[in-house]
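Next up, structure-v9.txt (compact mmCIF, C-alpha atoms and all ligand atoms):
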```txt
# COMPACT_ATOMS: atom_id res chain seq x y z
CA MET A 493 6.75 -10.33 16.68
CA GLU A 494 5.46 -7.86 19.23
CA ASN A 495 1.88 -6.77 18.84
CA ILE A 496 1.50 -3.00 19.05
CA LEU A 497 -2.16 -2.43 18.12
CA THR A 498 -5.11 -4.78 18.40
CA VAL A 499 -8.42 -3.93 16.79
CA ARG A 500 -11.49 -5.96 17.70
CA ASN A 501 -15.02 -5.94 16.29
CA LEU A 502 -14.71 -2.40 15.03
CA SER A 503 -17.93 -1.14 13.52
CA LYS A 504 -19.13 2.21 12.26
CA SER A 505 -22.25 3.43 10.49
CA PHE A 506 -23.11 6.79 9.02
CA LYS A 507 -26.91 6.83 9.32
CA GLU A 508 -28.05 3.52 7.72
CA ASN A 509 -24.78 3.15 5.83
CA LYS A 510 -22.70 0.40 7.50
CA VAL A 511 -19.21 1.58 6.70
CA LEU A 512 -17.25 -0.81 8.93
CA LYS A 513 -18.75 -4.23 9.51
CA SER A 514 -17.04 -5.50 12.64
CA ILE A 515 -13.43 -5.74 11.53
CA ASP A 516 -10.56 -7.36 13.44
CA PHE A 517 -6.86 -7.00 12.85
CA GLU A 518 -3.52 -6.59 14.58
CA VAL A 519 -0.55 -4.37 13.90
CA ASN A 520 2.89 -5.73 14.74
CA GLN A 521 5.92 -3.75 15.80
CA GLY A 522 8.11 -2.73 12.87
CA GLU A 523 5.84 -3.64 10.00
CA ILE A 524 4.62 -1.65 7.04
CA LEU A 525 0.99 -2.68 7.06
CA CYS A 526 -0.83 -1.58 3.93
CA PHE A 527 -4.59 -1.25 3.70
CA LEU A 528 -5.51 -1.79 0.09
CA GLY A 529 -9.01 -1.16 -1.17
CA PRO A 530 -11.06 0.84 -3.65
CA ASN A 531 -12.61 4.22 -2.85
CA GLY A 532 -15.32 3.84 -0.25
CA ALA A 533 -13.93 0.58 1.19
CA GLY A 534 -13.66 2.09 4.66
CA LYS A 535 -9.90 2.72 4.84
CA SER A 536 -10.10 6.31 6.05
CA THR A 537 -12.85 5.48 8.51
CA THR A 538 -10.64 2.76 10.02
CA ILE A 539 -7.65 5.08 10.16
CA ASN A 540 -9.68 7.92 11.67
CA ILE A 541 -10.91 5.65 14.45
CA LEU A 542 -7.35 4.48 15.13
CA THR A 543 -6.18 8.07 15.47
CA ALA A 544 -9.17 8.79 17.72
CA ALA A 545 -10.35 11.50 15.33
CA LEU A 546 -13.57 9.53 14.92
CA GLN A 547 -15.52 7.43 17.41
CA SER A 548 -16.56 3.91 16.53
CA ASP A 549 -20.05 2.56 17.21
CA GLY A 550 -18.64 -0.65 18.63
CA GLY A 551 -15.45 -2.58 19.19
CA GLU A 552 -12.16 -1.64 20.73
CA VAL A 553 -8.63 -0.55 19.97
CA LEU A 554 -5.76 -1.65 22.22
CA TYR A 555 -2.31 -0.08 22.20
CA LYS A 556 0.27 -2.45 23.64
CA GLY A 557 -2.52 -4.45 25.25
CA GLU A 558 -4.42 -1.57 26.85
CA LYS A 559 -7.58 0.11 25.64
CA ILE A 560 -6.74 3.50 24.17
CA GLY A 561 -9.77 5.19 25.74
CA GLY A 562 -8.26 5.23 29.21
CA ARG A 563 -4.99 6.85 28.24
CA LEU A 564 -5.76 8.72 25.09
CA HIS A 565 -3.18 11.44 25.63
CA GLY A 566 -0.23 9.09 26.01
CA TYR A 567 -1.41 7.04 23.06
CA LYS A 568 -1.80 10.03 20.75
CA LYS A 569 1.76 11.13 21.53
CA GLN A 570 2.95 7.87 20.02
CA LEU A 571 1.18 8.54 16.74
CA GLY A 572 2.30 10.41 13.67
CA VAL A 573 -0.65 11.12 11.42
CA VAL A 574 -0.62 12.08 7.76
CA PRO A 575 -4.29 12.59 6.89
CA GLN A 576 -5.84 12.06 3.47
CA ASP A 577 -6.34 15.80 3.04
CA ILE A 578 -3.19 17.87 3.46
CA ALA A 579 -3.25 19.80 6.73
CA LEU A 580 -0.79 22.72 6.67
CA TYR A 581 -0.74 26.44 7.22
CA GLU A 582 -0.32 27.87 3.72
CA GLU A 583 0.77 31.32 4.89
CA LEU A 584 3.49 29.97 7.18
CA SER A 585 6.93 28.74 6.18
CA ALA A 586 7.79 25.04 6.01
CA GLU A 587 9.81 25.32 9.19
CA ARG A 588 7.04 27.14 11.07
CA ASN A 589 4.64 24.36 10.18
CA VAL A 590 6.89 21.57 11.43
CA ARG A 591 7.69 23.61 14.53
CA PHE A 592 4.02 24.19 15.29
CA PHE A 593 2.86 20.58 14.91
CA THR A 594 5.86 19.17 16.75
CA SER A 595 5.45 21.58 19.68
CA LEU A 596 1.93 20.15 20.15
CA TYR A 597 3.63 16.95 21.30
CA GLY A 598 5.40 18.81 24.08
CA LEU A 599 8.82 19.28 22.48
CA HIS A 600 10.53 22.61 23.13
CA GLY A 601 13.90 24.35 23.21
CA LYS A 602 16.91 22.60 21.71
CA GLU A 603 15.08 19.29 21.47
CA LEU A 604 12.43 20.94 19.30
CA ASP A 605 15.06 22.68 17.12
CA ALA A 606 16.89 19.43 16.50
CA ALA A 607 13.68 17.51 15.74
CA VAL A 608 12.53 20.16 13.26
CA ASP A 609 15.91 20.19 11.48
CA LYS A 610 15.99 16.43 11.26
CA ALA A 611 12.45 16.18 9.88
CA LEU A 612 13.07 18.85 7.26
CA GLU A 613 16.25 17.03 6.18
CA PHE A 614 14.33 13.79 6.07
CA ALA A 615 11.71 15.29 3.76
CA GLU A 616 14.50 16.91 1.69
CA LEU A 617 13.00 20.32 2.30
CA ALA A 618 15.78 21.85 4.39
CA ASP A 619 16.70 24.30 1.62
CA LYS A 620 13.05 25.41 1.37
CA ARG A 621 12.55 25.79 5.10
CA HIS A 622 11.89 29.55 4.97
CA ASP A 623 9.52 29.41 1.99
CA LYS A 624 5.79 29.74 2.52
CA VAL A 625 3.81 26.57 1.98
CA LYS A 626 1.58 28.27 -0.58
CA THR A 627 4.55 28.36 -2.97
CA PHE A 628 5.01 24.56 -2.76
CA SER A 629 3.96 21.92 -5.29
CA GLY A 630 1.51 19.19 -4.24
CA GLY A 631 4.37 16.73 -3.78
CA MET A 632 6.34 19.14 -1.59
CA LYS A 633 3.28 19.77 0.57
CA ARG A 634 2.87 16.03 1.05
CA ARG A 635 6.50 15.66 2.05
CA LEU A 636 6.15 18.57 4.46
CA ASN A 637 3.01 17.00 5.91
CA ILE A 638 5.04 13.85 6.57
CA ALA A 639 7.80 15.93 8.21
CA CYS A 640 5.16 17.47 10.51
CA ALA A 641 3.89 14.00 11.43
CA ILE A 642 7.21 12.34 12.23
CA ALA A 643 9.37 15.05 13.82
CA HIS A 644 8.39 13.98 17.36
CA SER A 645 9.61 10.41 16.64
CA PRO A 646 6.33 8.55 17.08
CA ASP A 647 6.02 4.79 17.50
CA ILE A 648 3.39 4.46 14.81
CA VAL A 649 3.07 6.48 11.62
CA ILE A 650 -0.35 6.43 10.00
CA MET A 651 -0.62 7.63 6.43
CA ASP A 652 -3.85 7.89 4.49
CA GLU A 653 -3.32 7.84 0.72
CA PRO A 654 -0.35 10.23 0.86
CA THR A 655 0.56 9.90 -2.81
CA VAL A 656 -2.73 10.78 -4.47
CA GLY A 657 -2.35 13.47 -7.10
CA ILE A 658 1.38 14.10 -6.83
CA ASP A 659 4.26 13.87 -9.29
CA PRO A 660 6.10 10.55 -9.72
CA GLN A 661 9.32 11.92 -8.24
CA SER A 662 7.68 12.96 -4.98
CA ARG A 663 5.79 9.70 -4.95
CA ASN A 664 9.02 7.71 -5.15
CA HIS A 665 10.57 9.90 -2.51
CA ILE A 666 7.66 9.22 -0.18
CA LEU A 667 7.74 5.47 -0.77
CA ASP A 668 11.49 5.39 -0.10
CA SER A 669 11.10 7.52 3.01
CA ILE A 670 8.50 5.11 4.40
CA LYS A 671 11.04 2.30 4.18
CA ARG A 672 13.56 4.53 5.96
CA LEU A 673 11.08 5.25 8.75
CA ARG A 674 10.73 1.53 9.26
CA GLU A 675 14.50 1.12 9.37
CA ASN A 676 14.47 3.76 12.12
CA GLY A 677 12.18 1.51 14.15
CA MET A 678 8.78 2.97 13.39
CA THR A 679 5.67 0.96 12.59
CA ILE A 680 3.76 2.15 9.53
CA LEU A 681 0.10 1.93 8.63
CA TYR A 682 -0.50 2.95 5.06
CA THR A 683 -3.69 3.12 3.04
CA THR A 684 -3.88 3.23 -0.71
CA HIS A 685 -5.85 2.08 -3.72
CA TYR A 686 -2.64 1.73 -5.74
CA MET A 687 -1.56 -1.89 -5.75
CA GLU A 688 1.87 -0.97 -7.15
CA GLU A 689 2.64 0.94 -3.96
CA VAL A 690 1.59 -1.97 -1.83
CA GLU A 691 3.82 -4.26 -3.84
CA ALA A 692 6.71 -1.82 -3.40
CA ILE A 693 6.61 -1.16 0.34
CA SER A 694 4.35 -3.52 2.29
CA THR A 695 5.53 -6.14 4.71
CA ARG A 696 1.90 -7.18 5.17
CA ILE A 697 -1.37 -6.36 3.44
CA ILE A 698 -5.00 -6.09 4.48
CA ILE A 699 -7.42 -5.95 1.58
CA MET A 700 -10.68 -4.13 2.35
CA ASP A 701 -13.90 -3.90 0.42
CA HIS A 702 -17.33 -2.61 1.44
CA GLY A 703 -16.36 -2.21 5.08
CA SER A 704 -14.92 -5.70 5.54
CA ILE A 705 -11.49 -7.26 5.48
CA ILE A 706 -11.59 -9.73 2.63
CA ALA A 707 -8.00 -10.96 2.67
CA GLU A 708 -4.84 -10.62 4.70
CA GLY A 709 -1.27 -11.73 4.10
CA THR A 710 2.02 -10.78 2.55
CA ASN A 711 2.40 -9.78 -1.07
CA GLU A 712 3.75 -13.26 -1.80
CA SER A 713 1.29 -15.25 0.29
CA LEU A 714 -1.76 -13.50 -1.17
CA LYS A 715 -0.61 -14.14 -4.71
CA GLU A 716 0.20 -17.72 -3.82
CA GLU A 717 -3.23 -18.19 -2.30
CA PHE A 718 -5.38 -16.54 -4.93
CA GLN A 719 -3.49 -17.00 -8.12
CA ASN A 720 -3.11 -20.59 -9.18
CA GLU A 721 -2.21 -19.97 -12.80
CA LYS A 722 0.67 -18.49 -14.72
CA ARG A 723 0.77 -17.12 -18.23
CA TYR A 724 3.45 -17.57 -20.86
CA PHE A 725 3.82 -15.42 -23.92
CA ILE A 726 6.06 -17.05 -26.52
CA GLU A 727 7.05 -15.15 -29.66
CA VAL A 728 8.04 -17.41 -32.52
CA GLU A 729 9.31 -16.91 -36.05
CA ASP A 730 6.49 -18.82 -37.67
CA THR A 731 3.26 -20.45 -36.49
CA MET A 732 2.24 -22.12 -39.79
CA SER A 733 2.94 -25.70 -38.68
CA LEU A 734 1.48 -25.14 -35.21
CA ASN A 735 -1.92 -25.88 -33.75
CA ALA A 736 -3.01 -24.58 -30.34
CA ASN A 737 -4.25 -28.09 -29.50
CA ASP A 738 -0.65 -29.35 -29.65
CA PHE A 739 0.01 -27.79 -26.25
CA TYR A 740 -2.72 -29.60 -24.38
CA SER A 741 -0.52 -32.72 -24.37
CA VAL A 742 1.78 -30.87 -21.94
CA GLU A 743 0.93 -31.45 -18.31
CA GLY A 744 -0.52 -28.37 -16.58
CA VAL A 745 -1.58 -26.48 -19.69
CA LYS A 746 -5.13 -25.22 -19.25
CA ASN A 747 -5.44 -22.98 -22.24
CA ALA A 748 -3.44 -22.26 -25.39
CA ALA A 749 -4.05 -19.73 -28.12
CA ILE A 750 -2.07 -18.56 -31.13
CA LYS A 751 -2.30 -14.91 -32.10
CA ASP A 752 -0.21 -13.86 -35.09
CA LYS A 753 3.27 -14.93 -34.08
CA GLN A 754 2.60 -15.18 -30.39
CA ILE A 755 1.59 -18.25 -28.43
CA GLN A 756 -0.31 -17.53 -25.23
CA ILE A 757 -0.48 -20.30 -22.69
CA ILE A 758 -2.24 -20.43 -19.34
CA SER A 759 -0.77 -23.10 -17.14
CA LEU A 760 -1.32 -24.34 -13.62
CA LYS A 761 1.15 -22.84 -11.21
CA GLY A 762 3.44 -25.28 -9.45
CA ILE A 763 3.90 -27.47 -12.51
CA GLU A 764 7.23 -26.85 -14.19
CA ASN A 765 6.47 -27.39 -17.85
CA LEU A 766 8.23 -24.64 -19.77
CA ASP A 767 10.98 -27.06 -20.86
CA ARG A 768 8.36 -29.38 -22.39
CA ILE A 769 6.68 -26.48 -24.19
CA ILE A 770 10.05 -25.44 -25.61
CA ALA A 771 10.83 -29.03 -26.61
CA LEU A 772 7.51 -29.22 -28.43
CA LEU A 773 8.42 -26.14 -30.45
CA SER A 774 11.93 -27.28 -31.26
CA ASP A 775 10.60 -30.70 -32.38
CA LYS A 776 8.69 -28.79 -35.01
CA ASP A 777 11.76 -26.70 -35.89
CA ILE A 778 10.05 -23.53 -34.74
CA LYS A 779 12.43 -20.75 -33.74
CA ILE A 780 11.66 -18.96 -30.48
CA ARG A 781 12.28 -15.22 -30.48
CA ASN A 782 11.20 -14.34 -26.98
CA ILE A 783 9.53 -15.84 -23.92
CA SER A 784 7.93 -13.86 -21.16
CA SER A 785 5.67 -14.80 -18.31
CA GLU A 786 3.11 -12.74 -16.50
CA THR A 787 3.59 -12.49 -12.80
CA ALA A 788 0.55 -12.47 -10.60
CA SER A 789 -0.48 -9.05 -9.36
CA LEU A 790 -2.60 -7.92 -6.45
CA GLU A 791 -5.04 -6.71 -9.07
CA THR A 792 -5.73 -10.33 -10.04
CA VAL A 793 -6.08 -11.20 -6.36
CA PHE A 794 -8.66 -8.46 -5.91
CA LEU A 795 -10.44 -9.47 -9.10
CA LYS A 796 -10.64 -13.08 -7.90
CA LEU A 797 -12.03 -12.00 -4.54
CA THR A 798 -14.60 -9.48 -5.71
CA GLY A 799 -15.12 -9.94 -9.43
CA ARG A 800 -14.25 -6.27 -9.82
CA LYS A 801 -11.18 -4.23 -10.60
CA LEU A 802 -9.49 -2.26 -7.86
CA ARG A 803 -9.78 0.97 -9.78
CA ASP A 804 -13.17 1.59 -11.31
N1 LIG B 1 -18.46 11.67 7.59
C1 LIG B 1 -19.15 10.82 6.81
N2 LIG B 1 -20.49 10.91 6.69
C2 LIG B 1 -21.19 10.04 5.92
N3 LIG B 1 -20.63 9.05 5.19
C3 LIG B 1 -19.30 8.91 5.26
C4 LIG B 1 -18.48 9.78 6.07
N4 LIG B 1 -17.19 9.40 5.94
C5 LIG B 1 -17.21 8.35 5.10
N5 LIG B 1 -18.44 8.05 4.70
C6 LIG B 1 -18.82 6.94 3.81
O1 LIG B 1 -18.23 5.77 4.31
C7 LIG B 1 -17.77 4.93 3.28
C8 LIG B 1 -16.31 4.62 3.48
O2 LIG B 1 -15.56 5.81 3.34
P1 LIG B 1 -14.01 5.91 3.61
O3 LIG B 1 -13.70 5.31 4.92
O4 LIG B 1 -13.64 7.31 3.38
O5 LIG B 1 -13.45 4.96 2.46
P2 LIG B 1 -12.00 4.94 1.77
O6 LIG B 1 -11.08 5.74 2.60
O7 LIG B 1 -11.66 3.49 1.70
O8 LIG B 1 -12.19 5.53 0.41
C9 LIG B 1 -18.09 5.64 1.99
O9 LIG B 1 -19.29 5.12 1.48
C10 LIG B 1 -18.27 7.08 2.42
O10 LIG B 1 -19.16 7.74 1.57
MG MG B 2 -9.94 7.37 2.15
```

Rewrite the structure from the file as structure tokens, please.
Amino acid sequence: MENILTVRNLSKSFKENKVLKSIDFEVNQGEILCFLGPNGAGKSTTINILTAALQSDGGEVLYKGEKIGGRLHGYKKQLGVVPQDIALYEELSAERNVRFFTSLYGLHGKELDAAVDKALEFAELADKRHDKVKTFSGGMKRRLNIACAIAHSPDIVIMDEPTVGIDPQSRNHILDSIKRLRENGMTILYTTHYMEEVEAISTRIIIMDHGSIIAEGTNESLKEEFQNEKRYFIEVEDTMSLNANDFYSVEGVKNAAIKDKQIQIISLKGIENLDRIIALLSDKDIKIRNISSETASLETVFLKLTGRKLRD
């Protein structure tokens, strides 16, 4: 995998407040790298330093092996930036906005026309191209902001919490479009505090908290690493002849509880024991109505790492 960005020892303070505590990470060509962390973790600060909107106190950023400082202009041309706060001209039409931002990257003439058309199509706003932005919903503005960021076909698209406060339909549209950008060869950096989004789109995840990277991996590897239990919920017809202690004879069972007609079992992951649990029930002639298991979530990973929930 080709490395496209390298970040070393990045630190940033606002007065005495250490917001980034010397973080290191790499971005690989073609990935959807998600920064997951609660409000105040330092996601936007990291992103803003990567886009050169903000200066770090220490550390360095390398684009394809070279420090960005020396060739800032060329580097910035390879970025598409969707900031946390929507940046659009409300009084201008959708098309005028895309045209303006894209022309800043040096596109003009027919090349500019084609790029603007393509980006508006991509954001599914082609039919609204002549409407003023001030008439748009929050979700449409977000989509238009993305169109403005990608029309010049950047290498890297950086999006900072682009789905906050928008309707579910626009949210899904944005998540789908991010996958399409990747299919078109772009590398995506995406910040969010919604773990569901990370689970839906990420190819790799960096979890941040209090200005540090506290975990890094894929959706699967993080869950594997930090979640060593699974939960079963078994609905039965009758629990009269059953005692929670019965289940402790099954290998791997750490905890068992009976609540009304539901048996809740916490078991060590990696030990296949559901067949023995079922056998135990059928030995007692207990009819099973339903079995479900809880899959590990990134929320449990975060909880394990910090003792707190992702969303306060
Ligand atoms: N311009 C600024 N001046 C002072 N403090 C700031 C500034 N920008 C961010 N911070 C502080 O830095 C911390 C991290 O903020 P931020 O990077 O925006 O986090 P996130 O994007 O993860 O919510 C917060 O405590 C925030 O209050
Ligand atoms: Mg932020």

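Taking only C-alpha atoms into account, the protein, DNA and RNA residues within 8 Å of (5.1, -13.5, -15.1) read Lys722, Arg723, Tyr724, Ser784, Ser785, Glu786, Thr787 and Ala788 of chain A.
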
What are the closest atom pairs, with distances in Å to one decimal, for all residues of chain A lying within 10 Å of ligand LIG 1 (chain B)? Consider all atoms listed in the file, order rows by chain and residue number, and present the result as a tab-separated table.
```
residue	atom	partner	partner_atom	distance
A:Lys504	CA	B:LIG1	O1	8.8
A:Ser505	CA	B:LIG1	O1	7.7
A:Phe506	CA	B:LIG1	C2	4.9
A:Lys507	CA	B:LIG1	C2	7.4
A:Glu508	CA	B:LIG1	N3	9.6
A:Asn509	CA	B:LIG1	O1	7.2
A:Lys510	CA	B:LIG1	O1	7.7
A:Val511	CA	B:LIG1	O1	4.9
A:Leu512	CA	B:LIG1	C8	7.8
A:Phe527	CA	B:LIG1	O7	8.7
A:Leu528	CA	B:LIG1	O7	8.3
A:Gly529	CA	B:LIG1	O7	6.1
A:Pro530	CA	B:LIG1	O7	6.0
A:Asn531	CA	B:LIG1	O8	3.5
A:Gly532	CA	B:LIG1	O5	3.5
A:Ala533	CA	B:LIG1	O7	3.7
A:Gly534	CA	B:LIG1	O3	3.2
A:Lys535	CA	B:LIG1	O7	3.7
A:Ser536	CA	B:LIG1	O6	3.6
A:Thr537	CA	B:LIG1	O3	3.7
A:Thr538	CA	B:LIG1	O3	6.5
A:Ile539	CA	B:LIG1	O3	8.0
A:Asn540	CA	B:LIG1	O3	8.3
A:Ile541	CA	B:LIG1	O3	9.9
A:Leu546	CA	B:LIG1	N1	9.1
A:Gln576	CA	B:LIG1	O6	8.3
A:Asp652	CA	B:LIG1	O6	7.8
A:Glu653	CA	B:LIG1	O6	8.3
A:Thr683	CA	B:LIG1	O6	7.9
A:Thr684	CA	B:LIG1	O7	8.1
A:His685	CA	B:LIG1	O7	8.1
A:Met700	CA	B:LIG1	O7	7.7
A:Asp701	CA	B:LIG1	O7	7.8
A:His702	CA	B:LIG1	C8	7.6
A:Gly703	CA	B:LIG1	C8	7.0
```

remark   = Using all atoms listed in the file, the shortest atom-to-atom distance to ligand MG 2 (chain B) among A:Leu599, A:Ile763, A:Val574, A:Ala707 belongs to A:Val574

query = Residues at most 9 Å from stretch 734-750 of chain A, counting all atoms listed in the file, excluding those fewer than 4 positions away in the same chain, as a ChimeraX atom specification?
reply = /A:721,730,754-765,768-769,772-773,776,778

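Here atom CA of A:Met651 stands at a distance of 20.0 Å from atom CA of A:Lys556.
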
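Counting only C-alpha atoms and all ligand atoms, the residue from A:Val656, A:Ala692, A:Ile706, A:Ile697 that sits nearest to ligand MG 2 (chain B) is A:Val656.
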
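Between atom CA of A:Ser694 and atom CA of A:Asp609 the separation is 27.9 Å.
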
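A straight line drawn from atom CA of A:Lys753 to atom CA of A:Asp775 is 17.5 Å long.
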
request  = List the neighbours of A:Phe592 out to 12 Å using all atoms listed in the file; skip same-chain residues closer than 3 positions along the sequence, and give me the result as a PyMOL selection string.
outcome  = chain A and resi 580-581+584-589+595-600+604-605+607-608+637+639-641+643-644

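Nearest residue to A:Ile650, choosing from A:Met732, A:Ala544, A:Val625, A:Leu802 and counting all atoms listed in the file: A:Ala544.
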
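Proximity of A:Arg563, A:Thr655, A:Pro646, A:Arg634 to ligand MG 2 (chain B), computed with all atoms listed in the file, is greatest for A:Thr655.
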
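Within the 8 Å cut-off around stretch 658-674 of chain A, using all atoms listed in the file and omitting residues fewer than 3 positions from it on the same chain, the listed residues are Gly522, Glu523, Ile524, Phe614, Ala615, Gly630, Gly631, Met632, Arg635, Thr655, Gly677, Met678, Thr679, Ile680, Glu689, Ala692 and Ile693 of chain A.
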